[in-house]
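Report on the following structure.
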Amino acid sequence: MTSDRDELLAAAVRLRTEVSKRIVGQSDVLDEILMAMVGGGHALLVGVPGLAKTLMIRSVAEAMHLDFRRIQFTPDLVPSDITGTELLEEDAATGQRSFRFVRGPIFANIVLADEINRAPPRTQAALLEAMQEHRVTAAGVTMPLPEPFFVLATQNPIEQEGTYPLPEAQLDRFLFDIRIGYPDENEEIAILRATTGVENAPLHAVIDATQSRALQRLAREVPAAEPALRYAAALARATRPDSPEATDLVKRYVRWGAGPRAGQALILGAKAAALLGGRMAVSPDDIRRVARPVLRHRVLPNFAAEAEGMTSERIVEDLLARVSAPRSDIRL
């Protein structure tokens, strides 16, 4: 059992190293994508065009030897474009007609929902069931999706014309909200060097679907002691303006805070962070490491915050400074 665990931990380390061969910089973003996947959750990637969001996701799928599909979300996209549709076919020999269900692109291990906020709410709702239940209902039949199953959605924070903001219920289904910024000068020069020369060689698959599911199971086996649970709960409860634990910024600038699913995401994300770090124990730093991608999309600023330029990012930073964490030298 120990040898299997060590083999999985080594595979997780190799996975990050392999993807890094193609992606210059963005190490924190890559770590958060892998944490979300090991934690068994979906991720929303927010960044301006040209920051290699699609390339990063495609590279992860290639290194994990998983089936990958990309869906370009547009205003005219309908649910059947995602889940699949029934076709009426006629047998040339007998003349009999029958319906055949053609599976849509959602039937894949990794689904890239590109510019997810450009699709209308009805189409977003079709994705919601798949994200939550890992299954699709079409033509009155419920079909399971392949495992492991991840939705990695992208969103452009600049162009908002013609978009449909994601409802809070759907945002809450994303384990992480990952923000992608511009590279620094050296990284940008390295990107120019790597992308304007000879095409890069394909990545080697270092993990498969079976090992991916084993990593997810192993992540849940990482123990989270009482102090870890209390710290995660304290962070989530402090985001709610009507809670006694709420900070001054939360009481003044937050309309709705994070629900219990945020605490679950903090613990699962911390377990994944520990596992990818080669450890089978959660530390306070693991919880703090995942607090930003877990909480930033679950804290809804009010009108006063929008008027005064107060963002959920700043509110979460204030939370981390004010909510007491267990001592770092205590193993949780």
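Labels used: A, B, ... for chains in the order of the structure tokens, numbers from 1 for residues in each chain, and numbers from 1 for ligands as shown.
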
Query raised in the report: Among stretch 159-308 of chain A, which residues carry a DSSP assignment of helix (DSSP H, G or I), reported as a PyMOL selection string?
Result: chain A and resi 168-171+185-195+209-221+226-237+248-253+260-276+284-295+303-308

Requested in this report: Compile the contact shell of A:Thr210 as number ranges by chain: residues with an atom at most 9 Å away, counting only C-alpha atoms, same-chain residues fewer than 3 positions apart removed.
Outcome: A: 147-148, 207, 213-215

Written file, previous selection with C-alpha atoms, as a PDB file, in the first residue's frame:
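Contents of selection00.pdb, as written:
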ATOM      1  CA  GLU A 147     -14.542   9.351 -15.035  1.00  0.00           C
ATOM      2  CA  PRO A 148     -12.563  11.298 -14.104  1.00  0.00           C
ATOM      3  CA  ILE A 207      -0.531   9.454 -15.675  1.00  0.00           C
ATOM      4  CA  ARG A 213      -9.007   8.561  -9.953  1.00  0.00           C
ATOM      5  CA  ALA A 214      -6.588   6.894  -7.535  1.00  0.00           C
ATOM      6  CA  LEU A 215      -5.027  10.297  -6.814  1.00  0.00           C
TER       7      LEU A 215
END

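Counting only C-alpha atoms and comparing A:Ile57, A:Leu235, A:Leu229, A:Ala281, the residue that lies closest to A:Leu319 is A:Leu235.
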
Report task. Give the strand (DSSP E or B) residues of stretch 19-110 of chain A, as DSSP finds them on the backbone, and put them as JSON, numbers by chain. Result -> {"A": [42, 43, 44, 45, 46, 68, 69, 70, 71, 72, 84, 85, 86, 87, 88, 89, 90, 97, 98, 99, 100, 101, 102, 103, 110]}

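Taking only C-alpha atoms into account, A:Gln132 lies nearest to A:His42 out of the set A:Thr74, A:Ser59, A:His42, A:Pro146.
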
Report summary line: Correct to one decimal, the distance atom CA of A:Leu300-atom CA of A:Asp177 is 13.4 Å

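Nearest to A:Ile191 of all the residues A:His204, A:Arg22, A:Arg135, A:Arg14 is A:Arg22, based on only C-alpha atoms.
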
Query raised in the report: Using only C-alpha atoms, which residues sit within 8 Å of A:Gly47 once same-chain residues fewer than 5 positions away are excluded, as a PyMOL selection string?
Result: chain A and resi 53+154-157+179-181

Report task. Quote the spacing between atom CA of A:Leu171 and atom CA of A:His134 in Å to one decimal place. Result -> 16.5 Å

Report task. Would you mind telling me which residue in A:Val102, A:Arg16, A:Arg279, A:Met35 lies nearest to A:Glu221 when using only C-alpha atoms? Result -> A:Arg279

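In terms of minimum interatomic distance to A:Ala304, A:Arg252 ranks closest within A:Arg252, A:Met64, A:Asp286, A:Arg322, counting only C-alpha atoms.
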
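Using only C-alpha atoms, the smallest distance between any of A:Ala234, A:Leu145, A:Val78, A:Ile267 and A:Arg103 comes from A:Leu145.
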